[in-house]
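Listing of data-v6.txt, compact mmCIF, C-alpha atoms
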# COMPACT_ATOMS: atom_id res chain seq x y z
CA MET A 1295 -109.64 143.02 51.59
CA ARG A 1296 -111.81 141.47 54.28
CA LEU A 1297 -114.91 143.07 55.74
CA TYR A 1298 -115.80 142.33 59.36
CA PRO A 1299 -119.33 143.24 60.48
CA ALA A 1300 -119.22 144.10 64.17
CA ILE A 1301 -121.29 142.85 67.06
CA ASP A 1302 -120.54 144.73 70.26
CA LEU A 1303 -122.15 143.17 73.32
CA LYS A 1304 -123.38 145.16 76.31
CA ASP A 1305 -125.60 143.43 78.85
CA GLY A 1306 -126.23 140.65 76.36
CA GLN A 1307 -127.50 142.98 73.64
CA CYS A 1308 -126.04 144.03 70.31
CA VAL A 1309 -125.15 147.72 70.63
CA ARG A 1310 -122.94 150.43 69.20
CA LEU A 1311 -121.15 153.01 71.28
CA PHE A 1312 -120.44 156.60 70.34
CA LYS A 1313 -116.75 157.46 70.65
CA GLY A 1314 -116.27 154.62 73.12
CA ASP A 1315 -118.71 155.95 75.71
CA MET A 1316 -120.41 153.05 77.52
CA LYS A 1317 -123.19 155.43 78.57
CA ALA A 1318 -123.89 156.30 74.93
CA ALA A 1319 -124.92 152.85 73.71
CA THR A 1320 -127.60 152.38 71.07
CA ILE A 1321 -129.30 148.98 71.11
CA TYR A 1322 -129.72 147.53 67.61
CA ASN A 1323 -130.71 143.95 68.35
CA GLU A 1324 -131.53 142.17 71.59
CA ASP A 1325 -130.72 138.82 69.94
CA ALA A 1326 -127.04 138.87 69.03
CA ALA A 1327 -127.08 135.36 67.57
CA ALA A 1328 -129.89 136.37 65.22
CA GLN A 1329 -127.83 139.40 64.18
CA ALA A 1330 -124.87 137.15 63.46
CA ARG A 1331 -127.04 134.92 61.27
CA ARG A 1332 -128.27 138.01 59.44
CA PHE A 1333 -124.73 139.08 58.66
CA GLU A 1334 -123.84 135.61 57.42
CA ALA A 1335 -126.95 135.47 55.24
CA ALA A 1336 -125.96 138.83 53.74
CA GLY A 1337 -122.75 137.26 52.47
CA PHE A 1338 -120.15 138.24 55.06
CA GLU A 1339 -117.51 135.59 55.68
CA TYR A 1340 -116.02 136.88 58.93
CA LEU A 1341 -117.42 138.31 62.16
CA HIS A 1342 -115.95 140.68 64.75
CA VAL A 1343 -117.34 140.44 68.29
CA VAL A 1344 -116.46 142.50 71.36
CA ASP A 1345 -117.59 141.86 74.93
CA LEU A 1346 -117.83 145.48 76.06
CA ASN A 1347 -118.72 144.58 79.63
CA GLY A 1348 -115.76 142.25 79.70
CA ALA A 1349 -113.41 144.93 78.39
CA VAL A 1350 -114.33 147.21 81.30
CA SER A 1351 -114.44 144.55 84.02
CA GLY A 1352 -111.33 142.67 82.92
CA LYS A 1353 -113.05 139.32 82.61
CA ALA A 1354 -115.49 137.73 80.18
CA VAL A 1355 -119.07 138.71 80.98
CA ASN A 1356 -121.24 137.83 77.99
CA HIS A 1357 -120.16 134.17 77.89
CA ALA A 1358 -123.52 132.66 76.99
CA VAL A 1359 -124.27 135.18 74.27
CA VAL A 1360 -120.88 134.70 72.62
CA LYS A 1361 -121.36 130.93 72.68
CA ASN A 1362 -124.78 131.38 71.07
CA ILE A 1363 -123.16 133.42 68.31
CA ILE A 1364 -120.53 130.75 67.69
CA ALA A 1365 -123.24 128.12 67.44
CA ALA A 1366 -125.40 130.24 65.15
CA VAL A 1367 -122.94 130.75 62.29
CA ASN A 1368 -120.38 128.86 60.24
CA MET A 1369 -118.08 131.79 59.56
CA PRO A 1370 -114.94 132.49 61.61
CA VAL A 1371 -115.49 134.71 64.65
CA GLN A 1372 -112.83 136.90 66.22
CA LEU A 1373 -113.45 137.99 69.81
CA GLY A 1374 -112.07 140.65 72.11
CA GLY A 1375 -112.98 142.14 75.46
CA GLY A 1376 -111.84 141.09 78.92
CA ILE A 1377 -109.42 138.37 77.83
CA ARG A 1378 -106.39 138.95 80.00
CA ASP A 1379 -104.64 135.59 80.54
CA ARG A 1380 -103.67 132.38 78.76
CA ALA A 1381 -106.53 130.43 80.33
CA GLY A 1382 -109.02 132.90 78.88
CA VAL A 1383 -107.42 132.69 75.45
CA GLU A 1384 -107.49 128.91 75.41
CA THR A 1385 -111.03 128.70 76.80
CA TRP A 1386 -112.34 130.74 73.90
CA LEU A 1387 -110.30 128.93 71.27
CA GLU A 1388 -111.62 125.63 72.59
CA ALA A 1389 -115.15 127.07 72.47
CA GLY A 1390 -114.79 127.73 68.74
CA ILE A 1391 -113.50 131.30 68.49
CA SER A 1392 -111.21 131.52 65.46
CA ARG A 1393 -109.11 134.46 66.63
CA VAL A 1394 -108.68 136.00 70.06
CA ILE A 1395 -108.01 139.73 70.34
CA LEU A 1396 -105.81 140.97 73.19
CA GLY A 1397 -105.98 144.68 73.95
CA THR A 1398 -105.36 145.74 77.53
CA ALA A 1399 -103.32 142.57 78.05
CA ALA A 1400 -101.05 143.58 75.17
CA VAL A 1401 -100.17 146.80 77.00
CA LYS A 1402 -99.86 145.38 80.50
CA ASN A 1403 -98.48 141.94 79.71
CA PRO A 1404 -96.81 141.83 76.27
CA ALA A 1405 -95.11 138.56 77.20
CA LEU A 1406 -98.55 136.94 77.25
CA VAL A 1407 -99.10 137.94 73.63
CA GLU A 1408 -95.81 136.38 72.59
CA GLU A 1409 -96.58 133.23 74.58
CA VAL A 1410 -100.04 132.59 73.17
CA ALA A 1411 -99.12 133.67 69.64
CA ALA A 1412 -96.37 131.06 69.64
CA ALA A 1413 -98.70 128.42 71.06
CA HIS A 1414 -101.56 129.23 68.66
CA PRO A 1415 -100.21 130.45 65.30
CA GLY A 1416 -102.66 132.59 63.36
CA LYS A 1417 -105.10 132.70 66.25
CA ILE A 1418 -104.01 135.83 68.13
CA ALA A 1419 -104.57 139.48 67.20
CA VAL A 1420 -103.63 142.62 69.10
CA GLY A 1421 -106.31 145.27 69.50
CA ILE A 1422 -104.94 148.81 69.69
CA ASP A 1423 -107.52 151.44 70.61
CA ALA A 1424 -106.25 155.00 70.56
CA ARG A 1425 -107.17 158.61 71.21
CA GLY A 1426 -104.92 161.10 69.48
CA GLY A 1427 -102.48 158.33 68.69
CA MET A 1428 -102.15 157.30 72.35
CA VAL A 1429 -103.30 153.86 73.51
CA ALA A 1430 -106.39 153.54 75.72
CA VAL A 1431 -107.06 150.45 77.85
CA GLU A 1432 -109.72 148.73 79.95
CA GLY A 1433 -112.61 149.28 77.59
CA TRP A 1434 -111.26 152.65 76.43
CA VAL A 1435 -111.82 154.03 79.93
CA LYS A 1436 -108.18 154.65 80.85
CA ALA A 1437 -105.46 156.35 78.85
CA SER A 1438 -101.90 155.08 78.73
CA THR A 1439 -98.67 156.92 77.98
CA MET A 1440 -97.82 154.68 75.04
CA LYS A 1441 -98.06 155.62 71.38
CA ALA A 1442 -100.07 153.25 69.21
CA ILE A 1443 -97.23 152.80 66.73
CA ASP A 1444 -94.76 151.98 69.49
CA LEU A 1445 -97.09 149.31 70.87
CA ALA A 1446 -97.59 147.78 67.42
CA LYS A 1447 -93.83 147.63 66.83
CA MET A 1448 -93.40 145.63 70.03
CA PHE A 1449 -95.15 142.69 68.40
CA GLU A 1450 -93.39 142.82 65.05
CA ASP A 1451 -91.74 139.44 65.57
CA ALA A 1452 -94.26 137.92 67.98
CA GLY A 1453 -96.26 136.05 65.36
CA VAL A 1454 -99.58 137.84 65.85
CA ALA A 1455 -102.03 137.47 62.98
CA ALA A 1456 -103.19 141.09 62.86
CA ILE A 1457 -103.30 144.47 64.53
CA ILE A 1458 -106.84 145.80 64.92
CA TYR A 1459 -106.54 149.57 65.08
CA THR A 1460 -109.46 151.65 66.33
CA ASP A 1461 -109.53 155.43 66.45
CA ILE A 1462 -111.88 155.95 69.40
CA ALA A 1463 -112.76 159.51 68.36
CA ARG A 1464 -114.16 158.16 65.08
CA ASP A 1465 -115.85 155.03 66.42
CA GLY A 1466 -119.61 155.04 65.99
CA THR A 1467 -119.66 158.47 64.32
CA LEU A 1468 -120.07 157.48 60.64
CA ASP A 1469 -117.83 160.49 59.91
CA GLY A 1470 -115.06 158.54 58.22
CA PRO A 1471 -112.00 156.64 59.44
CA ASN A 1472 -108.70 158.11 60.50
CA LEU A 1473 -107.07 156.74 57.40
CA ASP A 1474 -103.87 158.75 57.61
CA GLU A 1475 -103.10 157.52 61.12
CA THR A 1476 -104.04 153.95 60.27
CA ALA A 1477 -101.92 154.02 57.13
CA ALA A 1478 -98.97 155.43 59.09
CA LEU A 1479 -99.23 152.55 61.53
CA ALA A 1480 -99.54 150.04 58.69
CA ASP A 1481 -96.45 151.49 57.04
CA ALA A 1482 -94.47 151.13 60.27
CA ILE A 1483 -94.98 147.37 60.67
CA SER A 1484 -95.23 144.21 58.60
CA ILE A 1485 -98.18 142.80 60.58
CA PRO A 1486 -101.50 143.06 58.67
CA VAL A 1487 -103.68 145.89 59.98
CA ILE A 1488 -107.47 145.90 60.30
CA LEU A 1489 -109.04 149.36 60.37
CA SER A 1490 -111.88 150.14 62.76
CA GLY A 1491 -113.82 153.28 63.57
CA GLY A 1492 -115.78 155.80 61.55
CA ILE A 1493 -116.84 153.87 58.45
CA GLY A 1494 -120.15 155.37 57.36
CA THR A 1495 -120.40 155.45 53.57
CA MET A 1496 -119.34 153.56 50.48
CA GLN A 1497 -116.88 156.35 49.73
CA HIS A 1498 -115.15 155.64 53.03
CA LEU A 1499 -114.71 152.03 51.92
CA ARG A 1500 -113.36 153.17 48.55
CA ASP A 1501 -110.88 155.44 50.31
CA VAL A 1502 -109.60 152.59 52.47
CA LYS A 1503 -109.39 150.20 49.54
CA ALA A 1504 -107.35 152.75 47.61
CA ARG A 1505 -104.76 152.59 50.43
CA SER A 1506 -104.80 148.80 50.66
CA HIS A 1507 -101.18 148.66 49.44
CA ARG A 1508 -100.26 150.06 52.84
CA ASN A 1509 -100.75 146.72 54.60
CA ILE A 1510 -104.37 147.43 55.57
CA GLU A 1511 -105.98 144.04 55.04
CA GLY A 1512 -109.41 144.45 56.60
CA ILE A 1513 -112.16 146.84 57.66
CA ILE A 1514 -114.58 146.58 60.57
CA ILE A 1515 -118.05 148.01 59.94
CA GLY A 1516 -120.65 148.52 62.64
CA ARG A 1517 -123.20 151.32 62.81
CA ALA A 1518 -123.24 151.85 59.03
CA LEU A 1519 -124.68 148.36 58.57
CA TYR A 1520 -127.21 148.72 61.35
CA GLU A 1521 -128.45 152.06 60.05
CA ASN A 1522 -128.29 151.02 56.38
CA THR A 1523 -125.93 153.75 55.25
CA ILE A 1524 -123.93 150.90 53.69
CA GLN A 1525 -125.61 147.89 52.08
CA PRO A 1526 -123.83 144.54 52.52
CA TYR A 1527 -124.08 143.59 48.85
CA ASP A 1528 -122.53 146.86 47.70
CA ALA A 1529 -119.72 146.68 50.27
CA LEU A 1530 -118.82 143.10 49.48
CA ALA A 1531 -118.95 143.72 45.74
CA LEU A 1532 -116.57 146.66 46.11
CA MET A 1533 -114.05 144.60 48.05
CA GLN A 1534 -114.16 141.82 45.46
CA ALA A 1535 -113.81 144.14 42.45
Exercise: express the given structure as structure tokens:
Amino acid sequence: MRLYPAIDLKDGQCVRLFKGDMKAATIYNEDAAAQARRFEAAGFEYLHVVDLNGAVSGKAVNHAVVKNIIAAVNMPVQLGGGIRDRAGVETWLEAGISRVILGTAAVKNPALVEEVAAAHPGKIAVGIDARGGMVAVEGWVKASTMKAIDLAKMFEDAGVAAIIYTDIARDGTLDGPNLDETAALADAISIPVILSGGIGTMQHLRDVKARSHRNIEGIIIGRALYENTIQPYDALALMQA
């Protein structure tokens, strides 16, 4: 099972939100590239990056910072936030992003997901952010009328590499993931699922790993790493055991 340390970018800084609230951002590092290097030095082999400003505005905002992150590390970087068209997808892939995450675009333009997934096998993921099982879009600001599971099923045969599922109510809380809901989604599709939101302790990681047979192939960790409630060595050792 893969672990993805998270770098969420707001105004060029590495932050974490609380339950998706852009006004409740805690700054953890003003140098995001340095934070990326720190994660790589700790032994992580993958990195999850989100342009929060881009997710809200609908276009990439933290271009320079993301490019600095790409240049700073050798590990694959997956990126989401504000990528809404094929040109945006291809710009980032050409810049060195290993996997592009489409969230709002997946809801509003599912044909785009199918198009770019076919053109770039293994390079496209769908980000599904939900409150109470219902999909939220545009940086979690707006609610939709679509169920998360229904959206995931739409891409069953589209060739996407992964579904990244975030329970917004758990995100940034350290209170534990919504494992039942994530497992239900993973059971409903054959696409690998990456869990996000709420990881705060080693026991939370153990709980997710125990359900790994349910098609959950990865875990995103954010605040727990920044606040040292989970140590990288311990987390990585657990996943490799």
- Find the residues around segment 1358-1366 of chain A up to 12 Å (only C-alpha atoms counted), leave out those fewer than 3 positions away in its own chain, and share them as number ranges by chain. A: 1301-1308, 1324-1335, 1340-1346, 1348, 1354-1355, 1369-1375, 1385-1392
Write out the residues from the selection above, keeping C-alpha atoms, as a compact mmCIF listing (two decimals), keeping the file's coordinate frame.
# COMPACT_ATOMS: atom_id res chain seq x y z
CA ILE A 1301 -121.29 142.85 67.06
CA ASP A 1302 -120.54 144.73 70.26
CA LEU A 1303 -122.15 143.17 73.32
CA LYS A 1304 -123.38 145.16 76.31
CA ASP A 1305 -125.60 143.43 78.85
CA GLY A 1306 -126.23 140.65 76.36
CA GLN A 1307 -127.50 142.98 73.64
CA CYS A 1308 -126.04 144.03 70.31
CA GLU A 1324 -131.53 142.17 71.59
CA ASP A 1325 -130.72 138.82 69.94
CA ALA A 1326 -127.04 138.87 69.03
CA ALA A 1327 -127.08 135.36 67.57
CA ALA A 1328 -129.89 136.37 65.22
CA GLN A 1329 -127.83 139.40 64.18
CA ALA A 1330 -124.87 137.15 63.46
CA ARG A 1331 -127.04 134.92 61.27
CA ARG A 1332 -128.27 138.01 59.44
CA PHE A 1333 -124.73 139.08 58.66
CA GLU A 1334 -123.84 135.61 57.42
CA ALA A 1335 -126.95 135.47 55.24
CA TYR A 1340 -116.02 136.88 58.93
CA LEU A 1341 -117.42 138.31 62.16
CA HIS A 1342 -115.95 140.68 64.75
CA VAL A 1343 -117.34 140.44 68.29
CA VAL A 1344 -116.46 142.50 71.36
CA ASP A 1345 -117.59 141.86 74.93
CA LEU A 1346 -117.83 145.48 76.06
CA GLY A 1348 -115.76 142.25 79.70
CA ALA A 1354 -115.49 137.73 80.18
CA VAL A 1355 -119.07 138.71 80.98
CA MET A 1369 -118.08 131.79 59.56
CA PRO A 1370 -114.94 132.49 61.61
CA VAL A 1371 -115.49 134.71 64.65
CA GLN A 1372 -112.83 136.90 66.22
CA LEU A 1373 -113.45 137.99 69.81
CA GLY A 1374 -112.07 140.65 72.11
CA GLY A 1375 -112.98 142.14 75.46
CA THR A 1385 -111.03 128.70 76.80
CA TRP A 1386 -112.34 130.74 73.90
CA LEU A 1387 -110.30 128.93 71.27
CA GLU A 1388 -111.62 125.63 72.59
CA ALA A 1389 -115.15 127.07 72.47
CA GLY A 1390 -114.79 127.73 68.74
CA ILE A 1391 -113.50 131.30 68.49
CA SER A 1392 -111.21 131.52 65.46
Take every atom of segment 1452-1465 of chain A listed in the file, fit an axis-aligned box around them, add 8 Å per side, and give the centre and edge lengths in Å to one decimal as AutoDock Vina command-line options.
--center_x -105.1 --center_y 147.8 --center_z 66.1 --size_x 37.6 --size_y 39.5 --size_z 22.5
- Task: Would you kindly return, as a PyMOL selection string, each protein, DNA or RNA residue with an atom no farther than 12 Å from any atom of Thr1495 of chain A, considering all atoms listed in the file and excluding same-chain residues fewer than 3 positions away?
- Result: chain A and resi 1467-1471+1492+1498-1502+1515-1519+1521-1526+1528-1529
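The space between atom CA of Ile1418 of chain A and atom CA of Val1431 of chain A spans 17.8 Å.
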- Minimum-distance residue to Ala1405 of chain A, chosen among A:Ala1477, A:Ala1349, A:Ile1458, A:Ala1452 (using all atoms listed in the file): A:Ala1452
